[in-house]
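The file protein18.tsv comes next; it holds TSV, C-alpha atoms.
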```
chain	number	residue	atom	x	y	z
A	1	MET	CA	108.98	68.21	95.96
A	2	ASP	CA	110.41	65.62	93.57
A	3	ASP	CA	113.49	67.64	92.84
A	4	PRO	CA	115.77	67.70	95.89
A	5	GLU	CA	117.77	70.57	94.38
A	6	HIS	CA	114.82	72.96	94.38
A	7	VAL	CA	114.66	75.17	97.46
A	8	PHE	CA	111.13	76.30	98.15
A	9	ASP	CA	111.03	79.87	99.27
A	10	ASP	CA	108.27	81.79	100.97
A	11	ARG	CA	106.55	84.07	98.56
A	12	THR	CA	105.20	87.49	99.25
A	13	PRO	CA	101.83	88.73	98.07
A	14	GLY	CA	102.05	91.18	95.19
A	15	VAL	CA	105.15	89.72	93.63
A	16	GLU	CA	105.24	87.21	90.85
A	17	GLU	CA	108.34	85.08	90.50
A	18	ARG	CA	108.15	84.22	86.84
A	19	GLU	CA	109.38	85.49	83.51
A	20	PRO	CA	109.11	89.29	83.19
A	21	ALA	CA	107.04	89.01	80.02
A	22	ALA	CA	104.60	86.73	81.83
A	23	SER	CA	104.09	89.40	84.51
A	24	TYR	CA	102.96	92.05	82.05
A	25	LEU	CA	100.71	89.44	80.52
A	26	SER	CA	99.31	88.51	83.93
A	27	TYR	CA	98.41	92.14	84.75
A	28	THR	CA	96.85	92.63	81.33
A	29	VAL	CA	94.80	89.43	81.55
A	30	GLY	CA	93.71	90.46	85.06
A	31	LEU	CA	92.66	93.89	83.85
A	32	GLY	CA	90.68	92.39	80.98
A	33	LEU	CA	88.86	89.90	83.20
A	34	ALA	CA	88.18	92.54	85.87
A	35	ILE	CA	86.70	94.94	83.29
A	36	LEU	CA	84.54	92.12	81.91
A	37	THR	CA	83.14	91.24	85.36
A	38	THR	CA	82.57	94.94	86.14
A	39	ILE	CA	80.62	95.43	82.92
A	40	ALA	CA	78.70	92.22	83.60
A	41	SER	CA	77.73	93.52	87.08
A	42	PHE	CA	76.43	96.81	85.70
A	43	VAL	CA	74.57	95.08	82.85
A	44	VAL	CA	72.97	92.56	85.22
A	45	SER	CA	71.81	95.31	87.56
A	46	GLN	CA	70.36	97.52	84.83
A	47	THR	CA	68.63	95.01	82.55
A	48	ASN	CA	66.24	92.09	82.86
A	49	LEU	CA	68.89	89.62	81.82
A	50	LEU	CA	68.49	87.77	85.12
A	51	TRP	CA	65.24	86.81	86.82
A	52	GLU	CA	64.58	89.77	89.05
A	53	PRO	CA	64.73	88.16	92.53
A	54	GLY	CA	68.00	86.53	91.43
A	55	ILE	CA	69.77	89.80	90.63
A	56	PRO	CA	71.33	90.31	94.13
A	57	VAL	CA	72.66	86.75	94.06
A	58	GLY	CA	74.08	87.30	90.57
A	59	LEU	CA	75.75	90.53	91.70
A	60	ILE	CA	77.31	88.83	94.73
A	61	VAL	CA	78.64	86.00	92.56
A	62	LEU	CA	80.16	88.50	90.12
A	63	ALA	CA	81.72	90.47	93.01
A	64	PHE	CA	83.35	87.32	94.41
A	65	ALA	CA	84.59	86.42	90.93
A	66	GLN	CA	86.14	89.86	90.53
A	67	ILE	CA	87.76	89.73	93.98
A	68	GLY	CA	89.23	86.35	93.04
A	69	ILE	CA	90.59	87.82	89.79
A	70	HIS	CA	92.22	90.66	91.74
A	71	LEU	CA	93.80	88.26	94.23
A	72	VAL	CA	95.21	85.96	91.56
A	73	PHE	CA	96.29	88.39	88.83
A	74	PHE	CA	97.15	91.55	90.81
A	75	LEU	CA	98.23	90.17	94.19
A	76	HIS	CA	99.60	86.93	92.67
A	77	LEU	CA	98.31	84.67	95.42
A	78	GLY	CA	98.71	81.13	94.17
A	79	SER	CA	98.18	77.62	95.44
A	80	GLY	CA	101.86	76.68	95.49
A	81	PRO	CA	103.73	75.72	98.67
A	82	ASP	CA	105.48	79.12	98.62
A	83	SER	CA	102.23	81.00	99.26
A	84	THR	CA	101.03	78.91	102.21
A	85	ASN	CA	101.54	81.63	104.83
A	86	ASN	CA	99.79	84.31	102.77
A	87	ILE	CA	96.85	82.04	101.99
A	88	LEU	CA	96.47	81.01	105.65
A	89	ALA	CA	96.40	84.67	106.75
A	90	LEU	CA	93.89	85.46	104.00
A	91	ALA	CA	91.68	82.52	105.03
A	92	PHE	CA	91.61	83.79	108.61
A	93	GLY	CA	90.74	87.32	107.41
A	94	VAL	CA	87.94	85.98	105.21
A	95	LEU	CA	86.56	84.01	108.17
A	96	ILE	CA	86.41	87.12	110.39
A	97	VAL	CA	84.89	89.26	107.63
A	98	PHE	CA	82.26	86.57	106.98
A	99	LEU	CA	81.39	86.29	110.71
A	100	ILE	CA	81.03	90.06	111.14
A	101	ILE	CA	78.87	90.64	108.06
A	102	THR	CA	76.57	87.60	108.15
A	103	GLY	CA	76.39	87.70	111.95
A	104	SER	CA	75.29	91.35	112.00
A	105	VAL	CA	72.76	90.94	109.20
A	106	TRP	CA	71.34	87.78	110.78
A	107	ILE	CA	70.99	89.21	114.30
A	108	ILE	CA	69.47	92.50	113.17
A	109	ALA	CA	67.01	90.79	110.80
A	110	ASN	CA	65.93	88.62	113.72
A	111	LEU	CA	65.46	91.66	115.97
A	112	GLN	CA	63.58	93.44	113.21
A	113	SER	CA	61.09	90.59	112.81
A	114	ASN	CA	60.48	90.51	116.56
A	115	MET	CA	59.75	94.25	116.82
A	116	THR	CA	56.24	95.41	117.64
A	117	PRO	CA	54.74	96.80	114.42
A	118	MET	CA	54.38	100.59	114.43
A	119	SER	CA	50.57	100.28	114.24
A	120	MET	CA	50.39	98.31	117.52
A	121	ARG	CA	52.46	100.71	119.64
B	1	MET	CA	107.74	83.10	109.73
B	2	THR	CA	107.65	79.61	111.19
B	3	VAL	CA	103.95	79.49	110.56
B	4	ALA	CA	103.51	76.63	108.14
B	5	VAL	CA	103.60	72.94	108.61
B	6	VAL	CA	106.88	71.34	109.59
B	7	ASP	CA	106.50	67.65	110.24
B	8	SER	CA	109.16	66.67	112.77
B	9	ASP	CA	109.08	63.05	111.56
B	10	SER	CA	109.65	64.15	108.01
B	11	THR	CA	112.36	62.30	106.19
B	12	GLU	CA	112.62	64.96	103.50
B	13	ALA	CA	115.88	66.73	103.03
B	14	PRO	CA	115.89	70.23	104.60
B	15	THR	CA	116.28	71.72	101.13
B	16	ALA	CA	112.72	70.62	100.33
B	17	LEU	CA	111.39	73.04	102.94
B	18	ALA	CA	110.82	76.71	102.34
B	19	ARG	CA	113.21	79.16	103.83
B	20	GLY	CA	111.60	80.36	107.01
B	21	ARG	CA	110.22	76.87	107.50
B	22	GLY	CA	113.42	75.10	108.39
B	23	GLY	CA	115.19	75.05	105.04
B	24	GLY	CA	118.06	77.44	104.33
B	25	GLY	CA	117.70	79.96	107.13
B	26	PRO	CA	115.22	82.78	107.84
B	27	ALA	CA	113.09	84.33	105.12
B	28	SER	CA	114.47	87.47	103.48
B	29	LYS	CA	113.58	90.86	104.94
B	30	ARG	CA	111.47	91.70	101.91
B	31	ILE	CA	109.29	88.63	102.44
B	32	VAL	CA	108.87	89.36	106.16
B	33	VAL	CA	108.03	93.04	105.57
B	34	ALA	CA	105.43	92.26	102.91
B	35	TYR	CA	103.91	89.52	105.06
B	36	GLY	CA	103.55	91.95	107.97
B	37	PHE	CA	101.93	94.49	105.67
B	38	TRP	CA	99.61	91.77	104.35
B	39	ILE	CA	98.44	91.17	107.95
B	40	PHE	CA	97.80	94.92	108.31
B	41	ILE	CA	95.75	94.89	105.09
B	42	LEU	CA	93.67	91.98	106.34
B	43	SER	CA	92.98	93.86	109.59
B	44	ASP	CA	91.91	96.85	107.51
B	45	MET	CA	89.51	94.52	105.68
B	46	VAL	CA	88.06	93.49	109.05
B	47	MET	CA	87.42	97.17	109.83
B	48	PHE	CA	85.73	97.66	106.45
B	49	SER	CA	83.61	94.56	107.06
B	50	ALA	CA	82.10	96.27	110.14
B	51	LEU	CA	81.19	99.31	107.99
B	52	PHE	CA	79.74	97.02	105.29
B	53	ALA	CA	77.69	95.22	107.94
B	54	ALA	CA	76.39	98.57	109.28
B	55	TYR	CA	75.43	99.64	105.77
B	56	ALA	CA	73.71	96.32	104.99
B	57	VAL	CA	71.70	96.63	108.20
B	58	LEU	CA	70.77	100.31	107.82
B	59	SER	CA	70.35	100.67	104.05
B	60	ARG	CA	66.53	100.53	104.17
B	61	ASN	CA	66.13	102.96	107.07
B	62	THR	CA	65.70	106.11	105.02
B	63	ALA	CA	63.47	107.91	107.59
B	64	GLY	CA	61.26	109.27	104.81
B	65	GLY	CA	64.28	110.75	103.07
B	66	PRO	CA	65.69	109.96	99.63
B	67	THR	CA	66.58	106.37	98.80
B	68	GLY	CA	69.68	105.13	97.04
B	69	ALA	CA	67.80	104.66	93.78
B	70	GLN	CA	66.88	108.37	93.81
B	71	LEU	CA	70.38	109.57	94.67
B	72	PHE	CA	72.88	107.39	92.84
B	73	ASN	CA	74.15	108.12	89.35
B	74	LEU	CA	75.41	104.78	88.06
B	75	HIS	CA	77.03	106.41	85.04
B	76	ASN	CA	79.47	108.22	87.36
B	77	VAL	CA	79.97	105.10	89.48
B	78	PHE	CA	80.98	103.15	86.38
B	79	ILE	CA	83.56	105.78	85.44
B	80	GLU	CA	84.87	105.78	89.04
B	81	THR	CA	85.18	101.99	88.94
B	82	ILE	CA	87.09	102.00	85.68
B	83	CYS	CA	89.42	104.78	86.98
B	84	LEU	CA	90.27	102.78	90.08
B	85	LEU	CA	90.71	99.56	88.11
B	86	LEU	CA	93.07	101.20	85.63
B	87	SER	CA	95.03	102.82	88.46
B	88	SER	CA	95.42	99.39	90.06
B	89	PHE	CA	96.73	98.14	86.69
B	90	THR	CA	99.24	100.98	86.26
B	91	CYS	CA	100.27	100.57	89.92
B	92	GLY	CA	101.07	96.91	89.20
B	93	LEU	CA	103.08	97.85	86.11
B	94	GLY	CA	104.85	100.56	88.12
B	95	ALA	CA	105.82	98.08	90.83
B	96	LEU	CA	107.06	95.75	88.10
B	97	SER	CA	109.26	98.41	86.51
B	98	ALA	CA	110.61	99.35	89.95
B	99	GLU	CA	111.55	95.70	90.54
B	100	ARG	CA	113.43	95.77	87.24
B	101	ARG	CA	115.22	99.02	88.14
B	102	GLN	CA	113.58	101.12	85.39
B	103	PRO	CA	113.08	104.47	87.18
B	104	THR	CA	111.77	106.41	84.17
B	105	LEU	CA	109.12	103.80	83.44
B	106	PHE	CA	108.27	103.70	87.14
B	107	LEU	CA	107.76	107.48	87.28
B	108	LEU	CA	105.53	107.31	84.21
B	109	PHE	CA	103.32	104.61	85.72
B	110	ALA	CA	103.27	106.38	89.11
B	111	ALA	CA	102.04	109.55	87.39
B	112	CYS	CA	99.27	107.57	85.63
B	113	THR	CA	98.27	105.93	88.92
B	114	PHE	CA	98.17	109.32	90.65
B	115	ALA	CA	96.12	110.94	87.89
B	116	LEU	CA	93.56	108.11	87.87
B	117	GLY	CA	93.33	108.21	91.67
B	118	VAL	CA	92.70	111.96	91.58
B	119	ALA	CA	90.03	111.46	88.90
B	120	PHE	CA	88.32	108.89	91.12
B	121	LEU	CA	88.42	111.20	94.15
B	122	SER	CA	87.14	114.25	92.29
B	123	ILE	CA	84.13	112.31	90.93
B	124	GLU	CA	83.41	111.06	94.44
B	125	CYS	CA	83.72	114.53	96.01
B	126	THR	CA	81.39	115.99	93.34
B	127	GLU	CA	78.88	113.25	94.14
B	128	PHE	CA	79.07	113.95	97.89
B	129	ALA	CA	78.75	117.72	97.39
B	130	GLY	CA	75.71	117.18	95.13
B	131	MET	CA	74.04	114.97	97.71
B	132	VAL	CA	74.67	117.40	100.57
B	133	ALA	CA	73.34	120.26	98.42
B	134	LYS	CA	70.12	118.26	97.84
B	135	GLY	CA	69.65	117.95	101.60
B	136	ALA	CA	70.80	114.33	101.60
B	137	GLY	CA	73.78	114.77	103.92
B	138	PRO	CA	75.00	112.24	106.47
B	139	SER	CA	72.64	113.55	109.15
B	140	ARG	CA	69.48	113.02	107.05
B	141	SER	CA	68.87	109.32	107.79
B	142	ALA	CA	70.52	106.17	109.13
B	143	PHE	CA	70.91	104.99	105.53
B	144	LEU	CA	72.84	108.15	104.59
B	145	SER	CA	74.98	108.04	107.75
B	146	ALA	CA	76.03	104.49	106.91
B	147	PHE	CA	76.53	105.39	103.24
B	148	PHE	CA	78.78	108.37	103.94
B	149	THR	CA	80.76	106.49	106.60
B	150	LEU	CA	81.48	103.52	104.34
B	151	VAL	CA	82.17	105.36	101.08
B	152	ALA	CA	84.08	108.23	102.72
B	153	THR	CA	86.28	105.81	104.70
B	154	HIS	CA	87.25	104.25	101.38
B	155	GLY	CA	87.80	107.74	99.98
B	156	VAL	CA	90.05	108.66	102.92
B	157	HIS	CA	92.07	105.51	102.26
B	158	VAL	CA	92.47	106.51	98.61
B	159	THR	CA	93.53	110.02	99.68
B	160	SER	CA	96.15	108.70	102.08
B	161	GLY	CA	97.31	106.29	99.38
B	162	LEU	CA	97.83	109.22	97.00
B	163	ILE	CA	99.78	111.17	99.64
B	164	ALA	CA	101.95	108.10	100.27
B	165	LEU	CA	102.51	107.75	96.52
B	166	VAL	CA	103.83	111.31	96.27
B	167	TYR	CA	106.08	110.66	99.27
B	168	LEU	CA	107.40	107.40	97.78
B	169	THR	CA	107.97	108.94	94.37
B	170	ALA	CA	110.01	111.67	96.05
B	171	GLN	CA	112.04	108.94	97.78
B	172	VAL	CA	112.65	107.17	94.48
B	173	MET	CA	113.87	110.44	92.94
B	174	ALA	CA	116.05	111.28	95.96
B	175	PHE	CA	117.51	107.86	96.82
B	176	GLY	CA	116.98	105.78	93.70
B	177	LEU	CA	115.49	102.30	93.65
B	178	ARG	CA	117.41	100.87	96.57
B	179	PRO	CA	116.11	97.89	98.57
B	180	ALA	CA	114.48	99.85	101.42
B	181	VAL	CA	112.58	102.03	98.92
B	182	LEU	CA	111.58	98.95	96.93
B	183	ARG	CA	110.12	97.34	100.06
B	184	ARG	CA	108.02	100.46	100.73
B	185	LEU	CA	106.84	100.45	97.13
B	186	LEU	CA	105.87	96.79	97.42
B	187	CYS	CA	103.79	97.53	100.54
B	188	TRP	CA	102.21	100.53	98.84
B	189	SER	CA	101.16	98.51	95.80
B	190	LEU	CA	99.60	95.89	98.10
B	191	PHE	CA	97.63	98.69	99.79
B	192	TRP	CA	96.45	100.09	96.45
B	193	HIS	CA	95.31	96.70	95.10
B	194	ALA	CA	93.49	96.07	98.39
B	195	LEU	CA	91.60	99.38	98.03
B	196	ASP	CA	90.39	98.25	94.63
B	197	ILE	CA	89.12	95.03	96.20
B	198	VAL	CA	87.19	97.06	98.80
B	199	TRP	CA	85.73	99.17	95.99
B	200	VAL	CA	84.37	96.01	94.31
B	201	GLY	CA	82.39	95.44	97.51
B	202	VAL	CA	81.27	99.09	97.62
B	203	PHE	CA	79.96	99.34	94.08
B	204	THR	CA	78.24	95.96	94.31
B	205	LEU	CA	76.60	96.34	97.72
B	206	VAL	CA	75.96	100.09	97.81
B	207	TYR	CA	75.39	101.24	94.26
B	208	LEU	CA	74.23	98.25	92.21
B	209	MET	CA	72.13	96.57	94.90
B	210	GLY	CA	70.72	99.94	95.94
B	211	ASP	CA	69.58	100.73	92.41
B	212	TYR	CA	68.78	97.69	90.31
B	213	HIS	CA	65.91	97.32	87.94
```
structure tokens encoding of this file:
Amino acid sequence: MDDPEHVFDDRTPGVEEREPAASYLSYTVGLGLAILTTIASFVVSQTNLLWEPGIPVGLIVLAFAQIGIHLVFFLHLGSGPDSTNNILALAFGVLIVFLIITGSVWIIANLQSNMTPMSMR
Amino acid sequence: MTVAVVDSDSTEAPTALARGRGGGGPASKRIVVAYGFWIFILSDMVMFSALFAAYAVLSRNTAGGPTGAQLFNLHNVFIETICLLLSSFTCGLGALSAERRQPTLFLLFAACTFALGVAFLSIECTEFAGMVAKGAGPSRSAFLSAFFTLVATHGVHVTSGLIALVYLTAQVMAFGLRPAVLRRLLCWSLFWHALDIVWVGVFTLVYLMGDYH
């Protein structure tokens, strides 16, 4: 905000406001990184590259990395002041998604461990 | 769009604020439309999260039926993933050429996106038909009910995305790349990228975690 002449404008997800050549580059870089993380996920799941109990964690980390790549390179969500509204909405969505998934898994795992075993019924 | 922070004691000139946040009048229609569509996409993600949660909870309840490791063919899943990823890429390039008023290039990329989407769907339908033929349909076990609900909901989204793409391409050919059509295309490309993000969750949680070494 040093330059008083610059008018900040709200930005919309999916649109990049830079040089046209940079946009093609951005999509291509995004595609390359996304393919790399996809291949890494399949390799990790099918080989013994990772310590076996750590494989699910590795897969989750790779999935989050790939989602981040999609958001930045395909949906062009940035950290600039112009993206504030989009990022705030996304943060709220991520919060709800997190609550639903971890909440369900947590509650049902708890119920499961408190069930009478089949042999005692 | 007066969502973001406006400090009333701020001494900054109004020009330092974004439009829609007190500087230079309301945000343009295109920004407002895409923001509204972004909210819709996030609500769609919330719906998918419920299906993901159901799958995560039920994935081990196979009721003596086949497990994921016995049913899934990761070779096909990898091809599906690459198809959807490439279609997201061509969709982005198509949106870019539409922005730059290059209709021929746009039609080319739209055709690629459509073809890759159809390839994805046909692999998925073949997989479903094979599973049902093996007696592993949605009514076999809680695991399979959750699997078919989650994966087929994504498939239905892809199908409706393809129908919308045909409809939008017809609009581009009939009306040209005028602002209203461009706004619809922008929303459509957001939808398509979002479906690819959901698919990342599907192939990680359902296929890879269901069938790792």
Contacts of Leu96 in chain B within 10 Å, all atoms listed in the file, excl. fewer than 3 positions in-chain, as a PDB file with C-alpha atoms, in the coordinates of the input:
```pdb
ATOM      1  CA  GLY A  14     102.050  91.180  95.190  1.00  0.00           C
ATOM      2  CA  VAL A  15     105.150  89.720  93.630  1.00  0.00           C
ATOM      3  CA  GLU A  16     105.240  87.210  90.850  1.00  0.00           C
ATOM      4  CA  PRO A  20     109.110  89.290  83.190  1.00  0.00           C
ATOM      5  CA  SER A  23     104.090  89.400  84.510  1.00  0.00           C
ATOM      6  CA  TYR A  24     102.960  92.050  82.050  1.00  0.00           C
ATOM      7  CA  TYR A  27      98.410  92.140  84.750  1.00  0.00           C
TER       8      TYR A  27
ATOM      9  CA  THR B  90      99.240 100.980  86.260  1.00  0.00           C
ATOM     10  CA  CYS B  91     100.270 100.570  89.920  1.00  0.00           C
ATOM     11  CA  GLY B  92     101.070  96.910  89.200  1.00  0.00           C
ATOM     12  CA  LEU B  93     103.080  97.850  86.110  1.00  0.00           C
ATOM     13  CA  GLU B  99     111.550  95.700  90.540  1.00  0.00           C
ATOM     14  CA  ARG B 100     113.430  95.770  87.240  1.00  0.00           C
ATOM     15  CA  ARG B 101     115.220  99.020  88.140  1.00  0.00           C
ATOM     16  CA  GLN B 102     113.580 101.120  85.390  1.00  0.00           C
ATOM     17  CA  LEU B 105     109.120 103.800  83.440  1.00  0.00           C
ATOM     18  CA  PHE B 106     108.270 103.700  87.140  1.00  0.00           C
ATOM     19  CA  PHE B 109     103.320 104.610  85.720  1.00  0.00           C
ATOM     20  CA  LEU B 186     105.870  96.790  97.420  1.00  0.00           C
TER      21      LEU B 186
END
```
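The spacing separating CA of Ile87 in chain A from CA of Phe89 in chain B amounts to 22.2 Å.
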Q | Interatomic distance (Å, one decimal) between CA of Leu195 in chain B and CA of His154 in chain B | A | 7.3 Å
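Picture a line from CA of Ile39 in chain B to CA of Ala91 in chain A; it runs 11.4 Å.
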Q: Would you kindly identify which residues have an atom no farther than 9 Å from (97.3, 90.4, 104.1), using all atoms listed in the file and the file's own coordinates, and write them out as a PyMOL selection string?
A: (chain A and resi 13+86-87+89-90+93) or (chain B and resi 34-43+45+190+194)
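For the choices A:Ser79, A:Thr12, A:Gln112, A:Leu49, the atom-to-atom distance to chain B is smallest for A:Thr12 when using only C-alpha atoms.
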Q. Mind listing as a PyMOL selection string which residues of chain A are within 8 Å of chain B, counting all atoms listed in the file?
A. chain A and resi 1+4-14+23-24+27-28+31+34-35+41-42+45-48+52+55-56+59-60+63+66-67+70+74-75+82+84-86+89-90+93+96-97+100-102+104-105+108-109
Q.
Please list as a list of chain:residue names every residue within 7 Å of Ile69 in chain A, counting only C-alpha atoms and excluding residues in the same chain fewer than 4 positions away.
A. A:Gly30, A:Ala34, A:Ala65, A:Phe73
Box for range 194-212 of chain B: with edges along x, y and z, all listed atoms inside and 6 Å added on each side, what are the centre and edge lengths in Å to one decimal, as AutoDock Vina command-line options?
```
--center_x 81.1 --center_y 98.1 --center_z 94.6 --size_x 36.7 --size_y 18.2 --size_z 20.5
```
Q: Name all residues at most 9 Å from Glu124 in chain B (count only C-alpha atoms; drop same-chain ones fewer than 3 positions away) and give them as a ChimeraX atom specification.
A: /B:76-77,80,119-121,127-129,151-152,155
Q. Can you list, as JSON, numbers by chain, every protein, DNA or RNA residue that comes within 10 Å of Ser59 in chain B when you count only C-alpha atoms, leaving out same-chain residues fewer than 5 positions away?
A. {"B": [53, 54, 67, 68, 141, 142, 143, 144, 145, 146, 147, 205, 206, 210]}
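If you measure from each of B:Ile79, B:Val181, B:Met131, B:Val158 to Val118 in chain B using only C-alpha atoms, the closest one turns out to be B:Val158.
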Neighbours of point (96.3, 109.4, 98.2) within 12 Å, using only C-alpha atoms, written as a compact mmCIF listing (two decimals) with C-alpha atoms, in the coordinates of the input:
```
# COMPACT_ATOMS: atom_id res chain seq x y z
CA SER B 87 95.03 102.82 88.46
CA ALA B 110 103.27 106.38 89.11
CA THR B 113 98.27 105.93 88.92
CA PHE B 114 98.17 109.32 90.65
CA ALA B 115 96.12 110.94 87.89
CA LEU B 116 93.56 108.11 87.87
CA GLY B 117 93.33 108.21 91.67
CA VAL B 118 92.70 111.96 91.58
CA ALA B 119 90.03 111.46 88.90
CA PHE B 120 88.32 108.89 91.12
CA LEU B 121 88.42 111.20 94.15
CA SER B 122 87.14 114.25 92.29
CA HIS B 154 87.25 104.25 101.38
CA GLY B 155 87.80 107.74 99.98
CA VAL B 156 90.05 108.66 102.92
CA HIS B 157 92.07 105.51 102.26
CA VAL B 158 92.47 106.51 98.61
CA THR B 159 93.53 110.02 99.68
CA SER B 160 96.15 108.70 102.08
CA GLY B 161 97.31 106.29 99.38
CA LEU B 162 97.83 109.22 97.00
CA ILE B 163 99.78 111.17 99.64
CA ALA B 164 101.95 108.10 100.27
CA LEU B 165 102.51 107.75 96.52
CA VAL B 166 103.83 111.31 96.27
CA TYR B 167 106.08 110.66 99.27
CA LEU B 168 107.40 107.40 97.78
CA TRP B 188 102.21 100.53 98.84
CA PHE B 191 97.63 98.69 99.79
CA TRP B 192 96.45 100.09 96.45
CA LEU B 195 91.60 99.38 98.03
```
